Amino acid sequence: MRAVQCFCQVFLVLLARVAALPVGERLPAATVSCASCSSLAIEIQNTAAALRNIQLCEYFRFCEGDWSSLLAHDFALPQIRAQDRCLRNDFHKETCLKAIASGLQKYIPFLLSMKETFTSSNKQVTWMCSSTQRLAELVMNQINAEFGSIDLGESALEVSASELVSSTDWDRQVKVHVVLRDFTKFIEKTARAIRFNSTYEWCPGNPPELSQLECGAE
């Protein structure tokens, strides 16, 4: 009984402290943990690359990794570009995280639409979809905690997720390949940016006397 009373007292004290915070005050960044973001992004990258290679080998018979004949297909899917400022020599945390969060959210419907394509690797696809959604949520939480609620905006893509359902199996497989190919590149750069972001706060301003290793450079 005494233990219950002690717990209630502690809970009430904590509740009072939270209530004392000014309305609209952001939570400190430390309260929103993205410690697992880097490792999660790398796992997603590895899974996407594996699924891409499985499809190339099983359907297109490009088991040696040469898919140059498919490079002409492009849907202008999201990529991390110079203007997103995710590179070490021009890193801007808010701009970079917004680009990552926006790109992840746009890829999710495309990834979900691929489940029927991989009958033998359906568990991997399911895990990749749910993990990408989780990573997007973690990044958004960090953005909201540090910079406040933001609108990522919408930009039109040349192909919608519904268009993956094509009249021929060949067309559908090509579109799935493009999604996996572009997503693998996107998530690879995302993992690198998140890893750099996790060390960026330890070297504010990136003073030249700090080594690249100390500042988490690639």
# chains A, B, ... in the order shown; residues from 1 in each chain; ligands from 1

call {"tool": "residues_around", "arguments": {"residues": "Val178 of chain A", "least_positions_apart": "3", "cutoff": "10 Å", "atoms": "only C-alpha atoms", "output": "ChimeraX atom specification"}}
result
/A:52,70-77,172-175,181-184

call {"tool": "select_by_dssp", "arguments": {"residues": "segment 84-154 of chain A", "states": "alpha helix (DSSP H)", "output": "ChimeraX atom specification"}}
result
/A:93-112,122-147

call {"tool": "closest_residue", "arguments": {"among": "A:Met128, A:Ala145, A:Met140, A:Leu180", "to": "Ile42 of chain A", "atoms": "only C-alpha atoms"}}
result
A:Met128

call {"tool": "closest_residue", "arguments": {"among": "A:Gln142, A:Ser121, A:Thr126, A:Gln105", "to": "Gln55 of chain A", "atoms": "only C-alpha atoms"}}
result
A:Ser121

call {"tool": "residues_around", "arguments": {"residues": "Thr119 of chain A", "least_positions_apart": "5", "cutoff": "12 Å", "atoms": "only C-alpha atoms", "output": "ChimeraX atom specification"}}
result
/A:51,54-55,58,114,124-126

call {"tool": "atom_distance", "arguments": {"atom1": "atom CA of Arg134 of chain A", "atom2": "atom CA of Arg85 of chain A"}}
result
23.0 Å

call {"tool": "closest_residue", "arguments": {"among": "A:Ser120, A:Asn89, A:Ser38, A:Gln83", "to": "Ile194 of chain A", "atoms": "only C-alpha atoms"}}
result
A:Ser38

call {"tool": "residues_around", "arguments": {"residues": "Ala193 of chain A", "least_positions_apart": "3", "cutoff": "10 Å", "atoms": "only C-alpha atoms", "output": "list in words"}}
result
Ser38, Ile80, Arg85, Cys86, Leu87, Arg88, Phe91, Lys93, Cys96, Leu97, Ile100, Ile187, Glu188, Lys189, Thr190, Phe196, Asn197, Ser198, Tyr200, Ala217 and Glu218 of chain A

call {"tool": "atom_distance", "arguments": {"atom1": "atom CA of Cys129 of chain A", "atom2": "atom CA of His92 of chain A"}}
result
27.5 Å

call {"tool": "closest_residue", "arguments": {"among": "A:Gly148, A:Val176, A:Ala136, A:Arg192", "to": "Leu111 of chain A", "atoms": "only C-alpha atoms"}}
result
A:Val176
